[in-house]
Every structure is written in C-alpha cells, then in structure tokens.
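This report refers to the structure that appears directly beneath it.
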Amino acid sequence: MPQRSLVDQVILILIDDVRAFHLFDLVGKGKLPNIAQIAEKGVSSQNCITSYPSITYPCYTNVVIGSYSGYYPIEGSGIPMYHWVGRTDPPSEGKKFPIIRNGGKGSHILKFNSDLGPNCQTIFEQAGKGNFLSSLNLFNRGSVLIPPIEYTTQSILKGVEEIYKDPKKIFSNKEVPKVTVAYIPKTDDLMHHKGFDHPEYIAELIKCDKAIGSLIETLKNTGYFESTAIGIISDHGNYKAENVYDIGPYFEEKGLKQYLPRKGTGDFDVSMGSVGFFNFRGKDWFHHPTFNQLEEFVTSSPGSKKLNLFETLWKIPGVKLMYYRDDNNTPDKGVIYLEHRDEKTGKKLKDIIEYEGHGINQKTRYLPETEDFYKYSEHEESACFLDNRFHTIDEWLKATNQIDFPIIVDQVPRYFKNPRSCDIITSTLGEYFFGYEHGKTLSSDPYSHDVGLKKSMTVPFIIGGSPNIPKLKLFYCKTTDMVPSLLSLLGEKPHYSVVGKSVFD
Ligand SMILES: [Zn+2]
C-alpha cells in the first residue's frame, strides 16, 4: 500500500557553508523574512548535525542521498571526501595507477554522479515516478540539470521558478517537477575569502532569502504553493583559524614527494585545511600502507633514511589528534585509533573507536585510554555513553548534539571503511590552517570548515511551504534526515541505503 502523501512536489535548496547559529541569528534580527516564515509555519531545527569531516563533498553528497560513505564497493557513497585517491583492493583492472579525485576541478566534478556508485541513490532516484529537476545541483543523477543563466544565487533559484511557470520548457508531459534540488555555492566562496562575519557574506544570505520570496510568489501565482514543500539546509558550518602556516617546506625537508598518478611515482598525497588527510604509498599505490610500513616509511628520495610517519606528522604545528585504522579491519568489524596527548603531561594517549555492522545497522563504541579526548565525560547526556557498549548513530546523536564532536564516534569509522579514504587524519581543531593540496600551498585565508567542532558541524534544517506540513520545532536532527523526511511528505519510501530517518515518524 502506498503511503499517504502530504504534498505533490518538494524543492530542496542547499545553501553552501551556513552555520545554524548565523542563519537563525539573522532570522531573529528580521533580515531573512521569507526563510523565517517557512521555518515558523513548518519544521525547523537550529541544531542539525552534519557529517564528519565537515567538508562540502562529502557533506553535500550525504544530504542528497540521505546516507554516508562506508565500505564503498558494497554499500554507501563512493565520495568519502573532497579529495581522494582511488584505491581498491584488489587493484581495479585497466587502471595503471589509482586516480586522484580533486573536488576543486571542474572536469573532476563532472565525474561525481558516477563516483557515487550503484549502492546509494539520489533523492530523485528514490522518489518514484515523475519529473526531476536540478538547478546547478552537482549530484543530479536521475534528474534534468538546468545550468543557471548566470552563476548567481538569484539566477539559480530563478531557473526553478521558470520551470514552475512553464514546465514544458524541459518536460514534455508539461508537469512540474516532483523533486527539485537547487544548489547555492556563492555563500561558500564568500565565507572562505571574506569570512562568515563579512557584510558581503551576510548580503548573499539576504539575496538568497529574497530569491526564495520570489519563488514562493511564483508558486502561489501558478497554484502550486499549497502542494509544495520547500526544504532549506546547508552542508556544513565554519570557523576562523587562529594561524595560517605554509607546511610545504616541511614536507620537502622530510623528502616526501607528491604522488603522480600518471607515472605512479611519489610518496604521498595530502589535502590539509585544519584537518589533514594523508595518503601514503603501501606496497604499491593500489594498497594502503600497513601500520609497520607507516612507522618505517622509505621515501623515494635517493639515500633516504626510514621515516616514522606518525612522529613526522605529530611535528606539524598545532596537531591535536590523529586517526588511523587497524591493519585487520573488515567492512563489518574494526578498530580506528585516536591518538592525542595528555593535556598536563604531554604523554601520548591512544583511544579506540570500534565499529561493527554497516549502513543503518552500524554500531560503534568509544574506549578512551584514560580521560576521553572528546570530553564526553564532562556532560551528563554524553557521559553515560562511555559505557563500553556499542551505540547507533541516533543514540550518539541524542547524546552529543549539544557539544563539540557531535556523532563523531559514528562518523570516523564510516569514513575509514571506504577504501578511497586516507591513511592518517590529523587535526589542529582550527588552531592552524594550512591550505595545502596535492603538493602546493594554495590558500592563506583563515576561514574554513572541516573540523568536528560544533560550529563547523551544525547547520539549519527547515521544511515548510505547504500548509499541510506540521508545525514542529526539533531540538536536534541530522542532515541525512532531510531526504527521508521529504520522501515521507511525497508518500515515497527511502532506498535501503538511507541512514537518516524521517522527522515526521
Ligand atoms: Zn560546502
């Protein structure tokens, strides 16, 4: 039996790089009247937790599929990160050496829909029969993509309006799209180069609100407003780093050479904001290195001595933690190590994150060596989850949504299970920013996002529009709840890969 539907159409607007606190602060000041109205009359949460790492791809990817990375060949999304090395075991046929995917390159972005793989589905692929529309949305598998006339926030939303006015422009059955996803990238650009507190960034959010107001007008004029849900979300929040540092010379001094996928040469590939994602050569570039290989790494520089890479990376300025996987991990069961230092003695400590199961059935537990790095023990809600028992993502969400490192015990294994993930993650927690990618320091702007701190992990979550949508204030939710919630409004069931759950359940 099909579920009852409350609306016939949904429009999801993803505004890149908006911290929940900043958006609702502007709402409170009356600067975003249209978004305020949608939120007031429908569902809203000022505490929606995104994925870790808090970086555009994967966070944006995960919103559109309602799921996370995972053991990619079997389940989850094939996009674990903005930058990844395409490692597979056994090595993929026909490829001489693994590729490097760079989410900053236009030609690479065109590969995103195939990178996703067959084990997860976009909201379009999950929504049954109908017309599906993407306005600049990069994860558009299953929909018709319209490019904006200009790459402005207004133009991207105007494109959606035009199709509602005249659907036969692109849909021969003349029906308006059942699901629309519009992606607004300009806010992210302004956040990195100017900052979240800059007038131009705030002005862009106000432009976005005006464009949403215009879209609502069109929906009313064309008679679709009552039957359309509008979802508003962001992929991640942000932070301002205390220091910016050029790390390139340090890697050169250590003799570490950039991996070149055309030649198969080199020692490492890394992308570093405040969080560093390090890939090193294993027995070859198709294989991840073992723990021993990382401890006794031989660089390709002539006459090089063995490097202990853990010690090498601990000398990077501001490093506060390091994650790496155990050699014996399987997709169903495994251990991720969290190395950090005792605040008083400086002694190195090794905490353990253990996982079992996958997808919606993944459970994890956190076993600190002494005092827990995440300081979960200091908060009543989270302290009782340091109980040696395994917990689901929604249990972690309930326990940690108010504090730094929300749901991180669940998220780190989901990242590391993917063979396309890196070997070692480092983080300075926003103290130092490096702007280093694939052998070059590219950016010196201190504004960024990637860390597990609350300010980078919390986004707005709003669903409104149609008066059929119940009025609901959620104390917390997660970004992967958006797709199953919108599908529930449409009376459709999510794909089995979806980890989020409908907020209407
Ligand atoms: Zn982003």
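So you can find residues: chains in the structure tokens are A, B, ... in the order shown, residues in each start at 1, and ligands are numbered from 1 in order.
Every protein or nucleic acid residue with an atom no more than 7 Å from segment 390-394 of chain A, counting only C-alpha atoms and leaving out same-chain residues fewer than 3 positions away, appears here: Gln362, Lys363, Thr364, Arg365, Leu397, Lys398, Ile407 and Asp410 of chain A.
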List every residue of segment 36-268 of chain A that DSSP, applied to the backbone of this structure, assigns to strand (DSSP E), and report them as a PyMOL selection string. chain A and resi 43-49+83-85+100-102+132-135+144-146+179-184+228-233+239-240+243-244+268
Writer output for current selection, N, CA and C atoms, as an mmCIF file, in the first residue's frame:
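Saved the output as selection.cif:
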```
data_model
loop_
_atom_site.group_PDB
_atom_site.id
_atom_site.type_symbol
_atom_site.label_atom_id
_atom_site.label_comp_id
_atom_site.auth_asym_id
_atom_site.auth_seq_id
_atom_site.Cartn_x
_atom_site.Cartn_y
_atom_site.Cartn_z
ATOM 1 N N VAL A 43 8.571 22.902 9.765
ATOM 2 C CA VAL A 43 9.535 22.200 10.622
ATOM 3 C C VAL A 43 10.836 22.988 10.644
ATOM 4 N N SER A 44 11.416 23.177 11.826
ATOM 5 C CA SER A 44 12.745 23.779 11.828
ATOM 6 C C SER A 44 13.585 23.246 12.970
ATOM 7 N N SER A 45 14.900 23.183 12.709
ATOM 8 C CA SER A 45 15.858 22.835 13.758
ATOM 9 C C SER A 45 17.061 23.754 13.633
ATOM 10 N N GLN A 46 17.474 24.310 14.763
ATOM 11 C CA GLN A 46 18.670 25.155 14.808
ATOM 12 C C GLN A 46 19.878 24.307 15.182
ATOM 13 N N ASN A 47 19.682 22.999 15.214
ATOM 14 C CA ASN A 47 20.733 22.106 15.709
ATOM 15 C C ASN A 47 20.753 20.821 14.878
ATOM 16 N N CYS A 48 20.996 20.993 13.563
ATOM 17 C CA CYS A 48 21.078 19.840 12.664
ATOM 18 C C CYS A 48 22.557 19.488 12.480
ATOM 19 N N ILE A 49 22.906 18.245 12.775
ATOM 20 C CA ILE A 49 24.316 17.822 12.776
ATOM 21 C C ILE A 49 24.678 17.208 11.415
ATOM 22 N N HIS A 83 38.835 15.406 -1.670
ATOM 23 C CA HIS A 83 39.982 14.865 -2.401
ATOM 24 C C HIS A 83 40.137 13.406 -1.985
ATOM 25 N N TRP A 84 40.304 12.523 -2.949
ATOM 26 C CA TRP A 84 40.588 11.134 -2.573
ATOM 27 C C TRP A 84 41.438 10.445 -3.619
ATOM 28 N N VAL A 85 42.127 9.388 -3.175
ATOM 29 C CA VAL A 85 42.940 8.556 -4.064
ATOM 30 C C VAL A 85 42.134 7.282 -4.308
ATOM 31 N N ILE A 100 43.725 10.447 -8.654
ATOM 32 C CA ILE A 100 43.462 11.386 -7.565
ATOM 33 C C ILE A 100 42.221 12.175 -7.964
ATOM 34 N N ARG A 101 41.177 12.112 -7.135
ATOM 35 C CA ARG A 101 39.995 12.943 -7.390
ATOM 36 C C ARG A 101 40.169 14.253 -6.640
ATOM 37 N N ASN A 102 39.999 15.367 -7.356
ATOM 38 C CA ASN A 102 40.129 16.704 -6.772
ATOM 39 C C ASN A 102 38.817 17.453 -6.984
ATOM 40 N N PHE A 132 12.032 15.295 -12.621
ATOM 41 C CA PHE A 132 13.022 15.658 -11.605
ATOM 42 C C PHE A 132 13.961 16.728 -12.143
ATOM 43 N N LEU A 133 14.192 17.747 -11.314
ATOM 44 C CA LEU A 133 14.923 18.927 -11.780
ATOM 45 C C LEU A 133 16.096 19.260 -10.860
ATOM 46 N N SER A 134 17.246 19.582 -11.463
ATOM 47 C CA SER A 134 18.396 20.088 -10.724
ATOM 48 C C SER A 134 18.757 21.458 -11.249
ATOM 49 N N SER A 135 18.906 22.432 -10.343
ATOM 50 C CA SER A 135 19.420 23.733 -10.757
ATOM 51 C C SER A 135 20.803 23.876 -10.148
ATOM 52 N N VAL A 144 16.886 16.188 -14.579
ATOM 53 C CA VAL A 144 17.320 17.045 -15.685
ATOM 54 C C VAL A 144 18.034 18.247 -15.071
ATOM 55 N N LEU A 145 19.260 18.461 -15.516
ATOM 56 C CA LEU A 145 20.063 19.561 -14.965
ATOM 57 C C LEU A 145 19.907 20.807 -15.829
ATOM 58 N N ILE A 146 19.469 21.917 -15.200
ATOM 59 C CA ILE A 146 19.487 23.183 -15.941
ATOM 60 C C ILE A 146 20.637 24.040 -15.416
ATOM 61 N N VAL A 179 10.448 16.473 -7.703
ATOM 62 C CA VAL A 179 11.564 16.825 -6.810
ATOM 63 C C VAL A 179 12.493 17.788 -7.542
ATOM 64 N N THR A 180 12.830 18.885 -6.863
ATOM 65 C CA THR A 180 13.802 19.849 -7.382
ATOM 66 C C THR A 180 14.896 20.022 -6.346
ATOM 67 N N VAL A 181 16.155 20.017 -6.786
ATOM 68 C CA VAL A 181 17.251 20.366 -5.875
ATOM 69 C C VAL A 181 18.016 21.530 -6.491
ATOM 70 N N ALA A 182 18.133 22.626 -5.723
ATOM 71 C CA ALA A 182 18.904 23.794 -6.164
ATOM 72 C C ALA A 182 20.104 23.960 -5.237
ATOM 73 N N TYR A 183 21.252 24.201 -5.829
ATOM 74 C CA TYR A 183 22.492 24.331 -5.051
ATOM 75 C C TYR A 183 23.046 25.750 -5.184
ATOM 76 N N ILE A 184 23.317 26.387 -4.030
ATOM 77 C CA ILE A 184 23.809 27.776 -3.986
ATOM 78 C C ILE A 184 25.266 27.788 -3.498
ATOM 79 N N THR A 228 3.315 22.135 -2.347
ATOM 80 C CA THR A 228 4.773 22.048 -2.478
ATOM 81 C C THR A 228 5.468 22.274 -1.138
ATOM 82 N N ALA A 229 6.386 21.361 -0.798
ATOM 83 C CA ALA A 229 7.230 21.546 0.391
ATOM 84 C C ALA A 229 8.552 22.163 -0.037
ATOM 85 N N ILE A 230 9.032 23.127 0.753
ATOM 86 C CA ILE A 230 10.343 23.747 0.490
ATOM 87 C C ILE A 230 11.280 23.362 1.634
ATOM 88 N N GLY A 231 12.373 22.707 1.280
ATOM 89 C CA GLY A 231 13.388 22.346 2.271
ATOM 90 C C GLY A 231 14.580 23.277 2.143
ATOM 91 N N ILE A 232 15.135 23.702 3.269
ATOM 92 C CA ILE A 232 16.334 24.552 3.259
ATOM 93 C C ILE A 232 17.349 23.937 4.215
ATOM 94 N N ILE A 233 18.570 23.775 3.710
ATOM 95 C CA ILE A 233 19.616 23.131 4.513
ATOM 96 C C ILE A 233 20.973 23.645 4.055
ATOM 97 N N TYR A 239 34.535 27.973 10.625
ATOM 98 C CA TYR A 239 35.323 28.516 11.737
ATOM 99 C C TYR A 239 36.380 29.451 11.162
ATOM 100 N N LYS A 240 37.008 30.244 12.032
ATOM 101 C CA LYS A 240 38.156 31.050 11.623
ATOM 102 C C LYS A 240 39.385 30.510 12.341
ATOM 103 N N ASN A 243 45.822 30.603 13.213
ATOM 104 C CA ASN A 243 47.082 30.816 12.490
ATOM 105 C C ASN A 243 47.010 30.176 11.106
ATOM 106 N N VAL A 244 47.715 30.797 10.155
ATOM 107 C CA VAL A 244 47.852 30.201 8.820
ATOM 108 C C VAL A 244 49.332 29.877 8.631
ATOM 109 N N PHE A 268 53.421 10.487 -1.289
ATOM 110 C CA PHE A 268 52.207 10.863 -0.553
ATOM 111 C C PHE A 268 51.324 11.803 -1.355
#
```
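Near ligand 1, the residues found within 7 Å are Asp16, Asp17, Ile55, Thr56, Tyr60, Asp188, Asp235 and His236 of chain A (criterion computed using only C-alpha atoms and all ligand atoms).
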Residues of the last selection are to be written out with N, CA, C and O atoms, as a PDB file, in the first residue's frame.
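Below you can see again20.pdb, which holds the result:
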```
ATOM      1  N   ASP A  16      25.348  26.613   0.513  1.00  0.00           N
ATOM      2  CA  ASP A  16      26.645  26.098   0.950  1.00  0.00           C
ATOM      3  C   ASP A  16      27.246  26.951   2.072  1.00  0.00           C
ATOM      4  O   ASP A  16      27.297  28.171   1.962  1.00  0.00           O
ATOM      5  N   ASP A  17      27.706  26.257   3.127  1.00  0.00           N
ATOM      6  CA  ASP A  17      28.538  26.900   4.157  1.00  0.00           C
ATOM      7  C   ASP A  17      27.773  27.890   5.043  1.00  0.00           C
ATOM      8  O   ASP A  17      28.148  29.058   5.155  1.00  0.00           O
ATOM      9  N   ILE A  55      33.138  18.942   5.335  1.00  0.00           N
ATOM     10  CA  ILE A  55      33.662  19.443   4.065  1.00  0.00           C
ATOM     11  C   ILE A  55      32.575  19.225   3.000  1.00  0.00           C
ATOM     12  O   ILE A  55      31.826  18.263   3.067  1.00  0.00           O
ATOM     13  N   THR A  56      32.513  20.147   2.000  1.00  0.00           N
ATOM     14  CA  THR A  56      31.398  20.170   1.045  1.00  0.00           C
ATOM     15  C   THR A  56      31.053  18.791   0.466  1.00  0.00           C
ATOM     16  O   THR A  56      29.923  18.342   0.590  1.00  0.00           O
ATOM     17  N   TYR A  60      27.601  17.578   1.374  1.00  0.00           N
ATOM     18  CA  TYR A  60      26.549  17.876   0.396  1.00  0.00           C
ATOM     19  C   TYR A  60      26.048  16.573  -0.245  1.00  0.00           C
ATOM     20  O   TYR A  60      24.836  16.330  -0.359  1.00  0.00           O
ATOM     21  N   ASP A 188      29.613  29.889   0.032  1.00  0.00           N
ATOM     22  CA  ASP A 188      30.843  29.202   0.445  1.00  0.00           C
ATOM     23  C   ASP A 188      32.073  29.980  -0.024  1.00  0.00           C
ATOM     24  O   ASP A 188      33.039  30.163   0.716  1.00  0.00           O
ATOM     25  N   ASP A 235      25.385  22.414   3.972  1.00  0.00           N
ATOM     26  CA  ASP A 235      26.219  21.204   4.041  1.00  0.00           C
ATOM     27  C   ASP A 235      27.095  21.177   5.293  1.00  0.00           C
ATOM     28  O   ASP A 235      27.401  20.109   5.806  1.00  0.00           O
ATOM     29  N   HIS A 236      27.491  22.353   5.797  1.00  0.00           N
ATOM     30  CA  HIS A 236      28.374  22.409   6.981  1.00  0.00           C
ATOM     31  C   HIS A 236      28.413  23.831   7.499  1.00  0.00           C
ATOM     32  O   HIS A 236      28.014  24.763   6.798  1.00  0.00           O
TER      33      HIS A 236
END
```
Counting only C-alpha atoms, the residue among A:His438, A:Lys350, A:Lys186, A:Lys455 that lies closest to Leu338 of chain A is A:Lys350
Sel. of alpha helix (DSSP H) residues, segment 229-330 of chain A, as a VMD selection string: chain A and resid 248 to 253 291 to 295 309 to 314
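Atom to atom, atom CA of Phe196 of chain A and atom CA of Leu110 of chain A stand 28.6 Å apart.
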Residue neighbourhood Ser155 of chain A, 12 Å, only C-alpha atoms, exclusion window fewer than 2 positions, as a VMD selection string: chain A and resid 135 to 136 146 to 153 157 to 162 182 to 186 207 to 208 210 to 212 214 to 215
Taking N, CA, C and O atoms for each residue, export the selection above as a CSV table (one decimal), in the first residue's frame.
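Final output, saved to selection_30.csv:
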```csv
chain,number,residue,atom,x,y,z
A,135,SER,N,18.9,22.4,-10.3
A,135,SER,CA,19.4,23.7,-10.8
A,135,SER,C,20.8,23.9,-10.1
A,135,SER,O,20.9,24.0,-8.9
A,136,LEU,N,21.8,23.7,-11.0
A,136,LEU,CA,23.2,23.7,-10.6
A,136,LEU,C,23.6,22.6,-9.7
A,136,LEU,O,24.8,22.4,-9.3
A,146,ILE,N,19.5,21.9,-15.2
A,146,ILE,CA,19.5,23.2,-15.9
A,146,ILE,C,20.6,24.0,-15.4
A,146,ILE,O,20.8,24.3,-14.2
A,147,PRO,N,21.5,24.5,-16.3
A,147,PRO,CA,22.5,25.4,-15.9
A,147,PRO,C,22.0,26.8,-15.6
A,147,PRO,O,21.0,27.2,-16.3
A,148,PRO,N,22.4,27.6,-14.7
A,148,PRO,CA,21.9,28.9,-14.5
A,148,PRO,C,22.3,29.8,-15.6
A,148,PRO,O,23.4,29.6,-16.2
A,149,ILE,N,21.6,30.9,-15.9
A,149,ILE,CA,21.9,31.8,-16.9
A,149,ILE,C,23.2,32.6,-16.4
A,149,ILE,O,24.1,32.8,-17.2
A,150,GLU,N,23.2,32.9,-15.2
A,150,GLU,CA,24.4,33.5,-14.5
A,150,GLU,C,24.7,32.6,-13.3
A,150,GLU,O,23.8,32.1,-12.7
A,151,TYR,N,26.0,32.6,-12.9
A,151,TYR,CA,26.3,31.9,-11.6
A,151,TYR,C,26.0,32.7,-10.4
A,151,TYR,O,26.9,32.9,-9.6
A,152,THR,N,24.8,33.2,-10.3
A,152,THR,CA,24.4,34.0,-9.1
A,152,THR,C,23.3,33.2,-8.3
A,152,THR,O,22.6,32.4,-8.9
A,153,THR,N,23.2,33.5,-7.1
A,153,THR,CA,22.2,32.9,-6.2
A,153,THR,C,20.8,33.1,-6.8
A,153,THR,O,20.0,32.2,-6.9
A,157,LEU,N,18.0,30.2,-8.4
A,157,LEU,CA,16.6,30.0,-8.0
A,157,LEU,C,15.6,30.4,-9.0
A,157,LEU,O,14.5,29.9,-9.1
A,158,LYS,N,15.9,31.4,-9.8
A,158,LYS,CA,15.1,31.9,-10.9
A,158,LYS,C,14.8,30.8,-11.9
A,158,LYS,O,13.7,30.6,-12.4
A,159,GLY,N,15.9,30.0,-12.1
A,159,GLY,CA,15.8,28.8,-13.0
A,159,GLY,C,14.6,27.9,-12.6
A,159,GLY,O,13.9,27.4,-13.4
A,160,VAL,N,14.5,27.7,-11.3
A,160,VAL,CA,13.5,26.8,-10.7
A,160,VAL,C,12.1,27.4,-11.0
A,160,VAL,O,11.1,26.8,-11.4
A,161,GLU,N,12.0,28.8,-10.7
A,161,GLU,CA,10.8,29.5,-10.9
A,161,GLU,C,10.3,29.4,-12.4
A,161,GLU,O,9.1,29.1,-12.6
A,162,GLU,N,11.2,29.5,-13.3
A,162,GLU,CA,10.9,29.5,-14.7
A,162,GLU,C,10.2,28.1,-15.1
A,162,GLU,O,9.3,28.1,-15.9
A,182,ALA,N,18.1,22.6,-5.7
A,182,ALA,CA,18.9,23.8,-6.2
A,182,ALA,C,20.1,24.0,-5.2
A,182,ALA,O,20.0,23.8,-4.0
A,183,TYR,N,21.3,24.2,-5.8
A,183,TYR,CA,22.5,24.3,-5.1
A,183,TYR,C,23.0,25.7,-5.2
A,183,TYR,O,23.2,26.3,-6.3
A,184,ILE,N,23.3,26.4,-4.0
A,184,ILE,CA,23.8,27.8,-4.0
A,184,ILE,C,25.3,27.8,-3.5
A,184,ILE,O,25.5,27.7,-2.3
A,185,PRO,N,26.2,27.9,-4.4
A,185,PRO,CA,27.6,27.8,-4.0
A,185,PRO,C,28.3,29.2,-3.5
A,185,PRO,O,29.3,29.2,-2.9
A,186,LYS,N,27.7,30.3,-3.9
A,186,LYS,CA,28.3,31.6,-3.7
A,186,LYS,C,28.7,31.9,-2.3
A,186,LYS,O,29.7,32.5,-1.9
A,207,LYS,N,20.2,38.0,-0.2
A,207,LYS,CA,19.8,37.8,-1.6
A,207,LYS,C,19.1,36.5,-1.7
A,207,LYS,O,18.1,36.4,-2.5
A,208,CYS,N,19.6,35.5,-1.1
A,208,CYS,CA,19.1,34.2,-1.2
A,208,CYS,C,17.6,34.2,-0.6
A,208,CYS,O,16.7,33.6,-1.2
A,210,LYS,N,15.6,36.7,-0.5
A,210,LYS,CA,14.8,37.4,-1.4
A,210,LYS,C,14.4,36.5,-2.6
A,210,LYS,O,13.2,36.5,-3.0
A,211,ALA,N,15.3,35.8,-3.1
A,211,ALA,CA,15.1,34.9,-4.2
A,211,ALA,C,14.1,33.8,-3.8
A,211,ALA,O,13.2,33.4,-4.6
A,212,ILE,N,14.2,33.3,-2.5
A,212,ILE,CA,13.2,32.3,-2.0
A,212,ILE,C,11.8,33.0,-1.9
A,212,ILE,O,10.8,32.4,-2.3
A,214,SER,N,10.7,35.3,-3.9
A,214,SER,CA,10.2,35.4,-5.3
A,214,SER,C,9.7,34.0,-5.8
A,214,SER,O,8.7,34.0,-6.4
A,215,LEU,N,10.4,33.0,-5.4
A,215,LEU,CA,10.0,31.6,-5.7
A,215,LEU,C,8.6,31.3,-5.1
A,215,LEU,O,7.7,30.7,-5.7
```
Contact residues around segment 329-334 of chain A with only C-alpha atoms at 9 Å, ignoring same-chain residues under 6 positions, as an MDAnalysis selection string: chainID A and resid 70:71 74 353:358 362 413 417:418
So that I have them on file, write out the residues from the current selection with C-alpha atoms, as a short mmCIF file (atom, residue, chain, number, x, y, z; two decimals), in the first residue's frame.
```cif
data_model
loop_
_atom_site.label_atom_id
_atom_site.label_comp_id
_atom_site.auth_asym_id
_atom_site.auth_seq_id
_atom_site.Cartn_x
_atom_site.Cartn_y
_atom_site.Cartn_z
CA GLY A 70 31.02 3.36 4.04
CA TYR A 71 32.56 0.23 2.55
CA ILE A 74 29.30 -2.94 -1.16
CA ILE A 353 36.83 3.59 18.32
CA GLU A 354 35.37 0.17 17.49
CA TYR A 355 32.69 -0.49 14.88
CA GLU A 356 30.51 -3.39 13.81
CA GLY A 357 27.86 -3.68 11.11
CA HIS A 358 27.24 -1.17 8.37
CA GLN A 362 26.41 0.29 12.14
CA PRO A 413 34.51 4.59 11.05
CA LYS A 417 35.78 1.94 5.92
CA ASN A 418 35.83 3.37 2.42
#
```
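The residue that comes closest to Gly452 of chain A, out of A:Tyr337, A:Tyr52, A:Thr122, A:Phe504 and on the basis of only C-alpha atoms, is A:Tyr52.
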Exercise: Tyr323 of chain A partners within 9 Å, only C-alpha atoms, chain neighbours under 5 positions left out, as a list in words: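 With the cut-off at 9 Å, the set is Ile336, Tyr337, Leu338, Glu339, Val412, Asp423, Ile424, Ile425, Thr426 and Ser427 of chain A.
The space separating atom CA of Phe277 of chain A from atom CA of Tyr201 of chain A comes to 28.0 Å.
Near Ser67 of chain A, within 7 Å and counting only C-alpha atoms, sit Asn62, Gly76, Thr480, Ser497, Val498, Val499 and Gly500 of chain A; same-chain residues fewer than 4 positions away were not included.
Of the residues listed (A:Tyr164, A:Tyr57, A:Phe280, A:Tyr436), A:Tyr164 shows the shortest atom-to-atom separation from Asn221 of chain A; distances use only C-alpha atoms.
Proximity ranking of A:Asn401, A:Ser301, A:Thr187, A:Ser448 relative to Leu474 of chain A places A:Asn401 first, based on only C-alpha atoms.
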Between A:Gly106, A:Gly435, A:Gly465, A:Gly78, which residue has the minimum interatomic distance to Gln37 of chain A, considering only C-alpha atoms? A:Gly465
In terms of only C-alpha atoms, the residue from A:Phe405, A:Phe297, A:Tyr72, A:Trp285 at minimal distance from Phe373 of chain A is A:Phe405
So that I can check the surroundings of segment 439-442 of chain A, please list as a PyMOL selection string every protein, DNA and RNA residue that reaches within 8 Å of it, counting only C-alpha atoms and ignoring chain neighbours fewer than 2 positions away. chain A and resi 246-248+257-258+269-270+434-437+444
